[in-house]
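**Q** Dropping the structure in here first, questions after.
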Amino acid sequence: MKPITFTCEETLLLPPQDIARQVLDLTKWPDFNGYWPIPGIKVAEFEVQTPGIVGSRIRVTSRDGSSHIEKIVEWEPDHRLRLEMKEFSAPLSRLATGFEETWEFKRNGNETHVTRSFRLHAKSVLARLLLWIISFFLKWAIVRHLREMRTIEEVGRSTVSK
């Protein structure tokens, strides 16, 4: 079955390596606030942390008590990262076999164009319909998160320059 796909883009001031480093800084994961009915993240913890980063597994617990695993499957911090989300708790486990998230970076001067792409894999035709509806809220949550990342950068930069 064809996955549900969407892409979100933002321009950030950090270089790609610093953005990638934030992905590994699990204390930053609760900055993801979600967008109803997508819950924000309460806590993220390494279940497995590999020396080469690829293969690392992160257990994510959302603010509504649901959980899933994110596995880092591609790590090129200058250009691209890819994570697989799976082992969802209910009710998402009834709808999806997994999600894929890809971060792509293109540096232009002092800015980095960030593209976050998602592929949502449904378990059935009916689940695909429900997942398609959920994908709109997930997209809004990702757009919000990218904007918040930019706002945090701008606030940090203006504080440093004072």
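Each chain of the structure tokens is named A, B, ... in the order shown, its residues numbered from 1; ligands are numbered from 1 in display order.
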Please identify which residues in range 16-125 of chain A DSSP calls alpha helix (DSSP H) from the backbone, and express them as an NGL selection string.

**A** :A and (16-24 or 125)

**Q** Write out as a tab-separated table the residues of range 116-151 of chain A that have any atom within 12 Å of an atom of range 72-91 of chain A, one row each with the nearest atom pair and its distance in Å to one decimal, counting only C-alpha atoms, sorted by chain and then rising number.

**A**
residue	atom	partner	partner_atom	distance
A:Arg116	CA	A:Leu81	CA	9.5
A:Ser117	CA	A:Arg82	CA	9.3
A:Phe118	CA	A:Leu83	CA	9.7
A:Arg119	CA	A:Glu84	CA	9.5
A:Leu120	CA	A:Met85	CA	9.3
A:His121	CA	A:Lys86	CA	10.1
A:Ala122	CA	A:Lys86	CA	11.7
A:Ala127	CA	A:Pro91	CA	11.0
A:Leu130	CA	A:Pro91	CA	11.4
A:Leu131	CA	A:Pro91	CA	11.3

**Q** Name all residues at most 7 Å from Arg57 in chain A (count only C-alpha atoms; drop same-chain ones fewer than 3 positions away) and give them as JSON, numbers by chain.

**A** {"A": [46, 47, 48, 49, 69, 70, 71, 72]}

**Q** I'd like the contact shell of range 29-34 of chain A - 12 Å cut-off, only C-alpha atoms, skipping same-chain residues fewer than 3 positions apart - returned as an MDAnalysis selection string.

**A** chainID A and resid 21:26 37:46 58:64 70 134:149 152

**Q** Residues near Phe105 in chain A, anyone? I mean within 6 Å using only C-alpha atoms, not counting same-chain ones fewer than 3 positions away, as a ChimeraX atom specification.

**A** /A:16,79,113-114

**Q** Could you please determine the separation between CA of Arg107 in chain A and CA of Pro51 in chain A in Å, to one decimal place?

**A**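 Calculated distance between CA of Arg107 in chain A and CA of Pro51 in chain A is 26.3 Å.
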
**Q** Which one is closest to Asn110 in chain A: A:Thr151, A:Ser66, A:Thr11, A:Gln17? Count only C-alpha atoms.

**A**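 Answer, going by the shortest atom-to-atom distance: A:Thr11.
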